[in-house]
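Down below is the structure, laid out as C-alpha cells.
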Protein chains: 2
Amino acid sequence: MLESVEKQMRECLAELNDASVMKLFEKLPKGKRLRAKLILKIANNHPDAVLLAAIVELIHAASLLHDDVIDDALTRRGADSLNALYGNKSAIMFGDILYSQGFAKLTSLPDRVAQTVSKAVALLSLGELEDVELSKSFNKDRSKYEKMIYHKTASLIEASAKAAAILAKKPEENFALYGKNLGLAFQIVDDILDITQDSKTLGKPAMHDFKEGKTTLPYLYMYEAVNSEDKERLISYFGKDLTQDEISWIRQKMDETKALDKAISDAKRLGNEAIKAIKSLEVQGLDDVVRQMIERDF
Amino acid sequence: MLESVEKQMRECLAELNDASVMKLFEKLPKGKRLRAKLILKIANNHPDAVLLAAIVELIHAASLLHDDVIDDALTRRGADSLNALYGNKSAIMFGDILYSQGFAKLTSLPDRVAQTVSKAVALLSLGELEDVELSKSFNKDRSKYEKMIYHKTASLIEASAKAAAILAKKPEENFALYGKNLGLAFQIVDDILDITQDSKTLGKPAMHDFKEGKTTLPYLYMYEAVNSEDKERLISYFGKDLTQDEISWIRQKMDETKALDKAISDAKRLGNEAIKAIKSLEVQGLDDVVRQMIERDF
C-alpha cells in the first residue's frame with residue numbers, strides 16, 4: 001500500500017509537467033512514511049486514503065526541505081540533502097512546490113479533511129518559526145518547548161490521524177488524541193537520541209541539537225535540577241562546538257539528575273496515552289507503531 | 001476597502017495567537033495590493049471578497065519573502081527586507097506561515113474558488129523554480145521566459161480575477177484572460193524598468209536582473225538581433241558586475257536593435273488584450289489598472 005502512496009505523490013507532481021520537479025522529487029529521501037502508514041491503517045479502504053496520505057507526505061517533505069535549509073543540514077538520513085546537492089534556492093522553491101501542490105490537491109478532498117490538514121500545516125510552520133526563535137538564546141522554559149514540539153511535529157501527525165478518521169467515519173477525537181500523543185512522544189524520542197546515540201548511528205555529530213541552539217527536554221530537566229554554578233556552566237556551552245570533556249560533563253550531569261530518565265519516562269507516558277486513546281477501537285497495528293518507537297535502547 | 005483587506009490579513013494571522021508572527025507581519029511592506037484591488041473591483045460587494053483578497057495578498061507576500069531570500073535581496077520597496085532584518089531563517093519560516101495560513105483560510109471559501117487559487121500557487125512556485133533554473137546559465141529561449149513569467153507572475157493575478165468572478169457569478173473566463181494578460185504585461189514592464197530606470201528610482205542597482213542571471217525580454221530581443229560577435233560579448237557579461245561602459249554598450253545595442261521598443265510594444269499589446277477581454281462587461285476601474293501600468297515613461 002505504501003507503494004501506491006509513492007505513486008500517487010509522483011502523479012500529483014507530474015501534473016505540473018516539469019522535468020526539474022520530477023528530477024528533484026526522485027532525489028528526496030523516502031523516510032519512514034509514518035504519517036502515510038497511520039492514514040492507511042486508520043482509513044484503510046477508503047477511496048481517498050491514498051491521496052490523503054500522498055498529500056500529507058508531500059507537505060511533510062516540504063517542511064523537511066525548509067528545515068534542512070534553515071539548519072544548513074548537508075545530510076538527511078545519511079544521504080546528501082537536497083540543499084547540499086542543488087543549493088538552497090532550489091531547495092526552498094521545491095519545498096514551496098511540494099507545499100502548494102499538496103494544498104492544491106487537498107481542495108479535492110472533503111472540506112473538513114482539507115480544513116483539518118491545512119490548519120495543522122499552519123501550526124507546523126508556526127512551530128518551525130518558534131524553533132528558530134527559541135534557538136536564539138538558551139531557553140529555560142519547558143512549556144515553550146512543549147508548545148513548539150506540539151506545533152512543529154505533533155500537529156501534522158494529529159491531523160493525519162484525525163483526517164483519516166473523518167474519511168473513515170471513525171471517532172475522530174480519539175484518533176486525534178492518539179496522533180497528538182504519538183507525535184509528542186516521537187519528537188521527545190528524537191531529541192533524546194541526539195544525546196544518547198553515537199554520531200555514526202545518527203549520521204550527524206552527537207549533541208548536535210544543543211550546538212544548534214535547541215534546548216531539548218533532557219537539557220531542560222538537567223537545567224532545572226542542577227545548582228546555579230552548573231546552570232551557568234551549561235548556559236556557557238550553549239550553541240558552541242563542544243569538546244569531548246564538555247560532552248562528558250553534560251552526560252554525567254544528565255545521569256546524576258536523571259534528566260534523561262525523566263525525558264524517556266515522558267515519552268513512554270505519552271506513548272501509552274496514545275495507545276489508551278484508541279483502546280477498544282480495534283484498528284490493527286496502531287499500538288505497534290507506538291511500541292516500536294518507545295521500546296528501544298536509548 | 002483596501003483597509004478592510006489589511007484588517008482581514010491581520011485577523012487571519014492573529015488566529016495563530018503568536019506575538020512574533022504579528023511583529024513580523026507589521027514589518028512587511030504593504031505594496032500596491034494589485035491583486036486585492038482587482039478582487040474587490042470584480043467581486044465588490046460579495047461577502048467573501050475581502051477574505052479572498054486577504055488570502056491572496058498573504059500568499060503573494062509569502063512568495064515575495066521567499067523571493068528575497070533567494071535573491072539575497074536586502075531591500076524591498078526601498079525598505080530593509082525582512083530577511084535583512086531578521087535573517088533568512090525567520091524569513092523562510094514566516095513565508096511558510098503566510099502560505100499555510102492563507103491556504104487554511106482558503107478552505108473556508110467555495111471549492112472552485114479554493115481550487116482556482118491553490119492551483120495558481122502551485123504554478124507560482126513552479127515559476128520561481130524555473131526562474132532559479134533559468135538563471136543558472138544565459139537563457140536564449142524566449143518561450144522559456146514567457147512560460148516562466150506566466151507561472152511566476154501572471155498565474156496568481158489570473159486566478160485572483162477568475163476567483164473573484166466565480167464569487168460574483170460573472171463571466172470567469174473573460175476575467176481570467178484579463179488577469180493573465182495584465183500579469184504578463186506587468187512582469188514585462190517590471191523587467192523593462194530594471195533596464196531603463198536609474199538605480200535611485202528602482203531602489204536597487206540598474207540592470208540588476210541581468211547580474212542575477214535573469215535574461216529578460218529586452219536581452220532576449222537584443223540577443224536575437226545582434227551578430228555572433230555581439231552575441232558572445234553579451235553572453236560574456238552574463239551574471240557579473242557591469243562597468244559603466246558595459247552598461248552603455250548594452251543600452252546602445254538595445255536601442256539599435258529596437259529590443260526595448262519591442263518589449264514595450266509587447267507589454268502594451270498584452271495590456272490592450274487584457275482590456276479587450278472584459279470590454280462590454282462594465283466593471284469600473286479595471287481598464288485604468290492596465291493603463292496606469294503601460295502608459296508610463298520607460
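Following the order of the C-alpha cells, chains are lettered A, B, ..., residues in each are numbered from 1, and ligands are numbered from 1.
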
Find the nearest atom pair between each residue of chain A and chain B for residues within 9 Å, count only C-alpha atoms, give distances in Å to one decimal, sort rows by chain and ascending number, and present the table as a tab-separated table.
```
residue	atom	partner	partner_atom	distance
A:Leu16	CA	B:Leu123	CA	7.5
A:Asp18	CA	B:Leu126	CA	8.3
A:Ser20	CA	B:Glu130	CA	8.4
A:Val21	CA	B:Leu126	CA	8.1
A:Ser63	CA	B:Asp96	CA	8.9
A:His66	CA	B:Ile92	CA	7.5
A:Asp67	CA	B:Met93	CA	9.0
A:Val69	CA	B:Lys89	CA	8.2
A:Ile70	CA	B:Lys89	CA	5.4
A:Asp71	CA	B:Lys89	CA	8.5
A:Asn88	CA	B:Ile70	CA	7.8
A:Lys89	CA	B:Ile70	CA	5.4
A:Ser90	CA	B:Leu129	CA	6.3
A:Ile92	CA	B:His66	CA	7.5
A:Met93	CA	B:Leu129	CA	5.4
A:Phe94	CA	B:Leu129	CA	6.7
A:Gly95	CA	B:Ser125	CA	8.7
A:Asp96	CA	B:Ser125	CA	5.7
A:Ile97	CA	B:Ser125	CA	5.1
A:Leu98	CA	B:Ala122	CA	8.1
A:Tyr99	CA	B:Ala122	CA	8.1
A:Ser100	CA	B:Ala122	CA	4.8
A:Gln101	CA	B:Ala122	CA	5.1
A:Gly102	CA	B:Ala122	CA	8.6
A:Phe103	CA	B:Ser118	CA	6.6
A:Ala104	CA	B:Ser118	CA	4.7
A:Lys105	CA	B:Gln115	CA	8.3
A:Leu106	CA	B:Gln115	CA	8.9
A:Thr107	CA	B:Gln115	CA	5.9
A:Ser108	CA	B:Gln115	CA	7.7
A:Asp111	CA	B:Thr107	CA	6.7
A:Arg112	CA	B:Thr107	CA	8.6
A:Ala114	CA	B:Thr107	CA	6.6
A:Gln115	CA	B:Thr107	CA	5.9
A:Thr116	CA	B:Ala104	CA	8.6
A:Val117	CA	B:Ala104	CA	8.2
A:Ser118	CA	B:Ala104	CA	4.7
A:Lys119	CA	B:Ala104	CA	5.3
A:Ala120	CA	B:Ala104	CA	8.6
A:Val121	CA	B:Ser100	CA	6.0
A:Ala122	CA	B:Ser100	CA	4.8
A:Leu123	CA	B:Leu16	CA	7.5
A:Leu124	CA	B:Ile97	CA	8.3
A:Ser125	CA	B:Ile97	CA	5.1
A:Leu126	CA	B:Ile97	CA	6.0
A:Glu128	CA	B:Met93	CA	6.4
A:Leu129	CA	B:Met93	CA	5.4
A:Glu130	CA	B:Ser20	CA	8.4
A:Val132	CA	B:Ser90	CA	6.8
A:Glu133	CA	B:Ser90	CA	7.9
```

Since we have the selection now, will you write its residues out, keeping C-alpha atoms, as a short mmCIF file (atom, residue, chain, number, x, y, z; two decimals), in the first residue's frame?
```cif
data_model
loop_
_atom_site.label_atom_id
_atom_site.label_comp_id
_atom_site.auth_asym_id
_atom_site.auth_seq_id
_atom_site.Cartn_x
_atom_site.Cartn_y
_atom_site.Cartn_z
CA LEU A 16 2.90 20.23 -13.08
CA ASP A 18 8.06 19.87 -15.37
CA SER A 20 13.13 19.52 -12.98
CA VAL A 21 10.36 18.91 -10.47
CA SER A 63 8.74 21.01 5.77
CA HIS A 66 12.89 24.02 4.53
CA ASP A 67 14.17 22.58 7.81
CA VAL A 69 17.93 24.86 4.55
CA ILE A 70 17.39 26.50 7.91
CA ASP A 71 19.67 24.13 9.78
CA ASN A 88 19.37 26.45 -1.03
CA LYS A 89 17.45 28.31 -3.74
CA SER A 90 16.23 25.17 -5.46
CA ILE A 92 13.36 26.46 -0.89
CA MET A 93 11.46 26.67 -4.16
CA PHE A 94 10.99 22.92 -4.49
CA GLY A 95 9.67 22.96 -0.92
CA ASP A 96 7.16 25.63 -1.95
CA ILE A 97 6.10 23.47 -4.89
CA LEU A 98 5.54 20.46 -2.64
CA TYR A 99 3.54 22.57 -0.17
CA SER A 100 1.40 24.26 -2.78
CA GLN A 101 0.74 21.21 -4.91
CA GLY A 102 -0.14 19.32 -1.72
CA PHE A 103 -2.60 22.10 -0.85
CA ALA A 104 -4.00 22.24 -4.37
CA LYS A 105 -4.80 18.52 -4.25
CA LEU A 106 -6.22 18.93 -0.74
CA THR A 107 -9.03 21.08 -2.16
CA SER A 108 -10.35 17.96 -3.95
CA ASP A 111 -13.94 20.19 3.32
CA ARG A 112 -13.39 19.00 6.90
CA ALA A 114 -8.92 19.81 3.96
CA GLN A 115 -9.53 22.11 6.94
CA THR A 116 -8.01 19.67 9.42
CA VAL A 117 -4.82 19.21 7.42
CA SER A 118 -4.40 22.83 6.36
CA LYS A 119 -4.82 24.14 9.91
CA ALA A 120 -2.14 21.72 11.06
CA VAL A 121 0.26 22.92 8.39
CA ALA A 122 -0.16 26.49 9.62
CA LEU A 123 0.70 25.26 13.14
CA LEU A 124 3.64 23.28 11.76
CA SER A 125 5.05 26.43 10.13
CA LEU A 126 4.45 28.34 13.33
CA GLU A 128 9.28 25.99 12.81
CA LEU A 129 9.38 29.72 13.49
CA GLU A 130 9.13 29.10 17.24
CA VAL A 132 14.12 29.32 15.18
CA GLU A 133 13.18 31.95 17.76
#
```

Which one of B:Lys180, B:Lys240, B:His46, B:Lys23 sits closest to B:Ser155 if you count only C-alpha atoms?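 Looking only at the distances to B:Ser155, the closest residue turns out to be B:Lys180.
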
For stretch 156-170 of chain A, work out the shell of residues within 10 Å, counting only C-alpha atoms and skipping chain neighbours fewer than 2 positions away, then give it as a PDB file with N, CA and C atoms, in the first residue's frame.
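part.pdb was written with the following content:
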```pdb
ATOM      1  N   LEU A  34       5.770   7.611   8.216  1.00  0.00           N
ATOM      2  CA  LEU A  34       4.946   7.371   9.400  1.00  0.00           C
ATOM      3  C   LEU A  34       3.521   7.877   9.206  1.00  0.00           C
ATOM      4  N   ARG A  35       3.408   9.118   8.667  1.00  0.00           N
ATOM      5  CA  ARG A  35       2.081   9.729   8.529  1.00  0.00           C
ATOM      6  C   ARG A  35       1.215   8.960   7.539  1.00  0.00           C
ATOM      7  N   ALA A  36       1.844   8.543   6.428  1.00  0.00           N
ATOM      8  CA  ALA A  36       1.098   7.752   5.433  1.00  0.00           C
ATOM      9  C   ALA A  36       0.635   6.426   6.029  1.00  0.00           C
ATOM     10  N   LYS A  37       1.519   5.788   6.783  1.00  0.00           N
ATOM     11  CA  LYS A  37       1.155   4.496   7.410  1.00  0.00           C
ATOM     12  C   LYS A  37      -0.060   4.650   8.308  1.00  0.00           C
ATOM     13  N   LEU A  38      -0.031   5.702   9.145  1.00  0.00           N
ATOM     14  CA  LEU A  38      -1.165   5.922  10.052  1.00  0.00           C
ATOM     15  C   LEU A  38      -2.458   6.115   9.262  1.00  0.00           C
ATOM     16  N   ILE A  39      -2.376   6.940   8.216  1.00  0.00           N
ATOM     17  CA  ILE A  39      -3.585   7.239   7.424  1.00  0.00           C
ATOM     18  C   ILE A  39      -4.126   5.970   6.784  1.00  0.00           C
ATOM     19  N   LEU A  40      -3.244   5.163   6.225  1.00  0.00           N
ATOM     20  CA  LEU A  40      -3.698   3.929   5.577  1.00  0.00           C
ATOM     21  C   LEU A  40      -4.294   2.961   6.591  1.00  0.00           C
ATOM     22  N   LYS A  41      -3.692   2.892   7.780  1.00  0.00           N
ATOM     23  CA  LYS A  41      -4.218   1.977   8.805  1.00  0.00           C
ATOM     24  C   LYS A  41      -5.593   2.443   9.293  1.00  0.00           C
ATOM     25  N   ILE A  42      -5.744   3.735   9.469  1.00  0.00           N
ATOM     26  CA  ILE A  42      -6.998   4.235  10.039  1.00  0.00           C
ATOM     27  C   ILE A  42      -8.116   4.301   8.990  1.00  0.00           C
ATOM     28  N   ALA A  43      -7.762   4.765   7.785  1.00  0.00           N
ATOM     29  CA  ALA A  43      -8.812   4.961   6.753  1.00  0.00           C
ATOM     30  C   ALA A  43      -8.780   3.846   5.713  1.00  0.00           C
ATOM     31  N   ASN A  44      -8.173   2.747   6.069  1.00  0.00           N
ATOM     32  CA  ASN A  44      -7.657   1.763   5.103  1.00  0.00           C
ATOM     33  C   ASN A  44      -8.291   1.683   3.723  1.00  0.00           C
ATOM     34  N   ASN A  45      -9.517   1.235   3.601  1.00  0.00           N
ATOM     35  CA  ASN A  45     -10.011   1.035   2.238  1.00  0.00           C
ATOM     36  C   ASN A  45     -10.784   2.203   1.657  1.00  0.00           C
ATOM     37  N   HIS A  46     -10.768   3.307   2.360  1.00  0.00           N
ATOM     38  CA  HIS A  46     -11.480   4.464   1.806  1.00  0.00           C
ATOM     39  C   HIS A  46     -10.815   4.905   0.493  1.00  0.00           C
ATOM     40  N   PRO A  47     -11.630   5.206  -0.526  1.00  0.00           N
ATOM     41  CA  PRO A  47     -11.045   5.554  -1.836  1.00  0.00           C
ATOM     42  C   PRO A  47     -10.129   6.783  -1.820  1.00  0.00           C
ATOM     43  N   ASP A  48     -10.285   7.672  -0.834  1.00  0.00           N
ATOM     44  CA  ASP A  48      -9.422   8.857  -0.771  1.00  0.00           C
ATOM     45  C   ASP A  48      -8.197   8.661   0.121  1.00  0.00           C
ATOM     46  N   ALA A  49      -8.055   7.470   0.732  1.00  0.00           N
ATOM     47  CA  ALA A  49      -6.988   7.283   1.729  1.00  0.00           C
ATOM     48  C   ALA A  49      -5.598   7.482   1.121  1.00  0.00           C
ATOM     49  N   LEU A  52      -4.965  11.194   0.358  1.00  0.00           N
ATOM     50  CA  LEU A  52      -4.703  11.936   1.594  1.00  0.00           C
ATOM     51  C   LEU A  52      -3.290  11.653   2.109  1.00  0.00           C
ATOM     52  N   ALA A  53      -2.898  10.384   2.086  1.00  0.00           N
ATOM     53  CA  ALA A  53      -1.556  10.013   2.557  1.00  0.00           C
ATOM     54  C   ALA A  53      -0.488  10.683   1.692  1.00  0.00           C
ATOM     55  N   VAL A  56      -0.270  14.458   2.539  1.00  0.00           N
ATOM     56  CA  VAL A  56       0.398  14.719   3.821  1.00  0.00           C
ATOM     57  C   VAL A  56       1.902  14.465   3.696  1.00  0.00           C
ATOM     58  N   GLU A  57       2.298  13.448   2.962  1.00  0.00           N
ATOM     59  CA  GLU A  57       3.737  13.186   2.803  1.00  0.00           C
ATOM     60  C   GLU A  57       4.417  14.246   1.930  1.00  0.00           C
ATOM     61  N   ILE A  59       3.525  17.385   1.925  1.00  0.00           N
ATOM     62  CA  ILE A  59       3.641  18.530   2.839  1.00  0.00           C
ATOM     63  C   ILE A  59       4.756  18.291   3.860  1.00  0.00           C
ATOM     64  N   HIS A  60       4.830  17.073   4.379  1.00  0.00           N
ATOM     65  CA  HIS A  60       5.887  16.755   5.338  1.00  0.00           C
ATOM     66  C   HIS A  60       7.268  16.881   4.683  1.00  0.00           C
ATOM     67  N   LEU A 109     -10.420  17.071  -1.665  1.00  0.00           N
ATOM     68  CA  LEU A 109     -10.918  16.185  -0.590  1.00  0.00           C
ATOM     69  C   LEU A 109     -12.064  16.881   0.156  1.00  0.00           C
ATOM     70  N   PRO A 110     -12.832  16.117   0.952  1.00  0.00           N
ATOM     71  CA  PRO A 110     -13.943  16.738   1.692  1.00  0.00           C
ATOM     72  C   PRO A 110     -13.470  17.934   2.532  1.00  0.00           C
ATOM     73  N   ARG A 112     -13.916  19.129   5.522  1.00  0.00           N
ATOM     74  CA  ARG A 112     -13.389  19.002   6.895  1.00  0.00           C
ATOM     75  C   ARG A 112     -12.025  18.336   6.910  1.00  0.00           C
ATOM     76  N   VAL A 113     -11.778  17.456   5.943  1.00  0.00           N
ATOM     77  CA  VAL A 113     -10.448  16.853   5.823  1.00  0.00           C
ATOM     78  C   VAL A 113      -9.441  17.940   5.434  1.00  0.00           C
ATOM     79  N   ALA A 114      -9.811  18.740   4.426  1.00  0.00           N
ATOM     80  CA  ALA A 114      -8.925  19.811   3.963  1.00  0.00           C
ATOM     81  C   ALA A 114      -8.653  20.815   5.083  1.00  0.00           C
ATOM     82  N   GLN A 115      -9.698  21.144   5.845  1.00  0.00           N
ATOM     83  CA  GLN A 115      -9.530  22.107   6.938  1.00  0.00           C
ATOM     84  C   GLN A 115      -8.627  21.555   8.042  1.00  0.00           C
ATOM     85  N   THR A 116      -8.813  20.296   8.369  1.00  0.00           N
ATOM     86  CA  THR A 116      -8.008  19.670   9.423  1.00  0.00           C
ATOM     87  C   THR A 116      -6.530  19.677   9.061  1.00  0.00           C
ATOM     88  N   VAL A 117      -6.235  19.271   7.830  1.00  0.00           N
ATOM     89  CA  VAL A 117      -4.825  19.206   7.420  1.00  0.00           C
ATOM     90  C   VAL A 117      -4.237  20.610   7.264  1.00  0.00           C
ATOM     91  N   SER A 118      -4.990  21.517   6.638  1.00  0.00           N
ATOM     92  CA  SER A 118      -4.397  22.830   6.363  1.00  0.00           C
ATOM     93  C   SER A 118      -4.166  23.624   7.646  1.00  0.00           C
ATOM     94  N   LYS A 119      -5.057  23.486   8.614  1.00  0.00           N
ATOM     95  CA  LYS A 119      -4.816  24.143   9.907  1.00  0.00           C
ATOM     96  C   LYS A 119      -3.544  23.625  10.562  1.00  0.00           C
ATOM     97  N   ALA A 120      -3.335  22.306  10.453  1.00  0.00           N
ATOM     98  CA  ALA A 120      -2.142  21.718  11.058  1.00  0.00           C
ATOM     99  C   ALA A 120      -0.879  22.227  10.382  1.00  0.00           C
ATOM    100  N   VAL A 121      -0.935  22.445   9.085  1.00  0.00           N
ATOM    101  CA  VAL A 121       0.263  22.918   8.390  1.00  0.00           C
ATOM    102  C   VAL A 121       0.606  24.337   8.831  1.00  0.00           C
ATOM    103  N   ALA A 122      -0.425  25.149   9.091  1.00  0.00           N
ATOM    104  CA  ALA A 122      -0.159  26.491   9.615  1.00  0.00           C
ATOM    105  C   ALA A 122       0.523  26.377  10.982  1.00  0.00           C
ATOM    106  N   LEU A 123       0.055  25.455  11.829  1.00  0.00           N
ATOM    107  CA  LEU A 123       0.697  25.261  13.136  1.00  0.00           C
ATOM    108  C   LEU A 123       2.121  24.745  12.979  1.00  0.00           C
ATOM    109  N   LEU A 124       2.302  23.827  12.032  1.00  0.00           N
ATOM    110  CA  LEU A 124       3.642  23.282  11.764  1.00  0.00           C
ATOM    111  C   LEU A 124       4.608  24.419  11.410  1.00  0.00           C
ATOM    112  N   TYR A 150       4.726  20.485  19.930  1.00  0.00           N
ATOM    113  CA  TYR A 150       3.345  20.182  19.516  1.00  0.00           C
ATOM    114  C   TYR A 150       3.104  20.776  18.125  1.00  0.00           C
ATOM    115  N   HIS A 151       3.461  22.041  17.960  1.00  0.00           N
ATOM    116  CA  HIS A 151       3.250  22.686  16.663  1.00  0.00           C
ATOM    117  C   HIS A 151       4.100  22.039  15.577  1.00  0.00           C
ATOM    118  N   LYS A 152       5.392  21.920  15.843  1.00  0.00           N
ATOM    119  CA  LYS A 152       6.342  21.519  14.805  1.00  0.00           C
ATOM    120  C   LYS A 152       6.160  20.071  14.373  1.00  0.00           C
ATOM    121  N   THR A 153       5.907  19.193  15.324  1.00  0.00           N
ATOM    122  CA  THR A 153       5.892  17.767  14.991  1.00  0.00           C
ATOM    123  C   THR A 153       4.526  17.118  15.190  1.00  0.00           C
ATOM    124  N   ALA A 154       3.903  17.378  16.326  1.00  0.00           N
ATOM    125  CA  ALA A 154       2.707  16.596  16.649  1.00  0.00           C
ATOM    126  C   ALA A 154       1.482  17.037  15.859  1.00  0.00           C
ATOM    127  N   GLU A 172     -13.275  10.580  15.583  1.00  0.00           N
ATOM    128  CA  GLU A 172     -12.124  11.394  15.198  1.00  0.00           C
ATOM    129  C   GLU A 172     -11.329  11.945  16.371  1.00  0.00           C
ATOM    130  N   GLU A 173     -12.022  12.266  17.483  1.00  0.00           N
ATOM    131  CA  GLU A 173     -11.275  12.847  18.600  1.00  0.00           C
ATOM    132  C   GLU A 173     -10.317  11.838  19.234  1.00  0.00           C
ATOM    133  N   ASN A 174     -10.744  10.581  19.259  1.00  0.00           N
ATOM    134  CA  ASN A 174      -9.839   9.550  19.787  1.00  0.00           C
ATOM    135  C   ASN A 174      -8.580   9.448  18.927  1.00  0.00           C
ATOM    136  N   PHE A 175      -8.777   9.427  17.627  1.00  0.00           N
ATOM    137  CA  PHE A 175      -7.621   9.292  16.742  1.00  0.00           C
ATOM    138  C   PHE A 175      -6.752  10.554  16.756  1.00  0.00           C
ATOM    139  N   ALA A 176      -7.405  11.705  16.901  1.00  0.00           N
ATOM    140  CA  ALA A 176      -6.639  12.951  17.015  1.00  0.00           C
ATOM    141  C   ALA A 176      -5.726  12.891  18.244  1.00  0.00           C
ATOM    142  N   LEU A 177      -6.293  12.417  19.370  1.00  0.00           N
ATOM    143  CA  LEU A 177      -5.505  12.342  20.604  1.00  0.00           C
ATOM    144  C   LEU A 177      -4.371  11.324  20.472  1.00  0.00           C
ATOM    145  N   TYR A 178      -4.692  10.206  19.830  1.00  0.00           N
ATOM    146  CA  TYR A 178      -3.649   9.209  19.540  1.00  0.00           C
ATOM    147  C   TYR A 178      -2.506   9.877  18.773  1.00  0.00           C
ATOM    148  N   GLY A 179      -2.846  10.584  17.688  1.00  0.00           N
ATOM    149  CA  GLY A 179      -1.830  11.200  16.825  1.00  0.00           C
ATOM    150  C   GLY A 179      -1.027  12.263  17.553  1.00  0.00           C
ATOM    151  N   LYS A 180      -1.725  13.053  18.357  1.00  0.00           N
ATOM    152  CA  LYS A 180      -1.030  14.111  19.094  1.00  0.00           C
ATOM    153  C   LYS A 180      -0.001  13.533  20.071  1.00  0.00           C
ATOM    154  N   ASN A 181      -0.440  12.554  20.859  1.00  0.00           N
ATOM    155  CA  ASN A 181       0.477  11.975  21.848  1.00  0.00           C
ATOM    156  C   ASN A 181       1.609  11.192  21.180  1.00  0.00           C
ATOM    157  N   LEU A 182       1.276  10.505  20.107  1.00  0.00           N
ATOM    158  CA  LEU A 182       2.325   9.809  19.351  1.00  0.00           C
ATOM    159  C   LEU A 182       3.344  10.822  18.829  1.00  0.00           C
ATOM    160  N   GLY A 183       2.870  11.929  18.300  1.00  0.00           N
ATOM    161  CA  GLY A 183       3.761  12.946  17.739  1.00  0.00           C
ATOM    162  C   GLY A 183       4.660  13.566  18.792  1.00  0.00           C
ATOM    163  N   LEU A 184       4.084  13.867  19.952  1.00  0.00           N
ATOM    164  CA  LEU A 184       4.885  14.438  21.039  1.00  0.00           C
ATOM    165  C   LEU A 184       5.958  13.449  21.480  1.00  0.00           C
ATOM    166  N   PHE A 186       7.192  11.004  19.790  1.00  0.00           N
ATOM    167  CA  PHE A 186       8.122  10.854  18.679  1.00  0.00           C
ATOM    168  C   PHE A 186       9.210  11.933  18.718  1.00  0.00           C
ATOM    169  N   LEU A 281     -10.931   0.490  20.046  1.00  0.00           N
ATOM    170  CA  LEU A 281     -11.399   0.862  18.703  1.00  0.00           C
ATOM    171  C   LEU A 281     -10.899  -0.135  17.650  1.00  0.00           C
TER     172      LEU A 281
END
```

Got a sec to tell me which of stretch 33-282 of chain A DSSP assigns to helix (DSSP H, G or I), as a VMD selection string? chain A and resid 34 to 42 49 to 70 82 to 106 111 to 134 142 to 168 172 to 196 199 to 202 208 to 211 217 to 225 228 to 236 244 to 256 259 to 278

Would you please give, as an mmCIF file with N, CA and C atoms, in the first residue's frame, all residues of stretch 32-145 of chain B that DSSP assigns to strand (DSSP E or B) based on the backbone?
```cif
data_model
loop_
_atom_site.group_PDB
_atom_site.id
_atom_site.type_symbol
_atom_site.label_atom_id
_atom_site.label_comp_id
_atom_site.auth_asym_id
_atom_site.auth_seq_id
_atom_site.Cartn_x
_atom_site.Cartn_y
_atom_site.Cartn_z
ATOM 1 N N THR B 75 16.879 44.793 0.345
ATOM 2 C CA THR B 75 15.815 45.788 0.415
ATOM 3 C C THR B 75 14.613 45.308 -0.378
ATOM 4 N N ARG B 76 13.461 45.829 -0.030
ATOM 5 C CA ARG B 76 12.229 45.542 -0.754
ATOM 6 C C ARG B 76 11.423 46.827 -0.707
ATOM 7 N N ALA B 79 12.765 49.716 1.523
ATOM 8 C CA ALA B 79 12.981 49.482 2.963
ATOM 9 C C ALA B 79 13.801 48.202 3.152
ATOM 10 N N ASP B 80 14.366 48.035 4.348
ATOM 11 C CA ASP B 80 15.082 46.789 4.629
ATOM 12 C C ASP B 80 14.139 45.609 4.431
#
```

Near stretch 222-233 of chain B, counting only C-alpha atoms, which residues have an atom at most 9 Å away, once you skip same-chain residues fewer than 3 positions from it, shown as a PyMOL selection string? chain B and resi 140+217-219+236-237+250+253-260

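In this structure, atom CA of B:Leu286 sits 25.1 Å away from atom CA of B:Asp261.
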
Work out how far apart atom CA of B:His208 and atom CA of B:Ile195 are and give it in Å to one decimal.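 Between atom CA of B:His208 and atom CA of B:Ile195 the gap works out to 8.1 Å.
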
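Among the candidates B:Gly213, B:Phe298, B:Leu220, B:Tyr145, the residue lying nearest to B:Asp194 is B:Phe298 (atoms considered: only C-alpha atoms).
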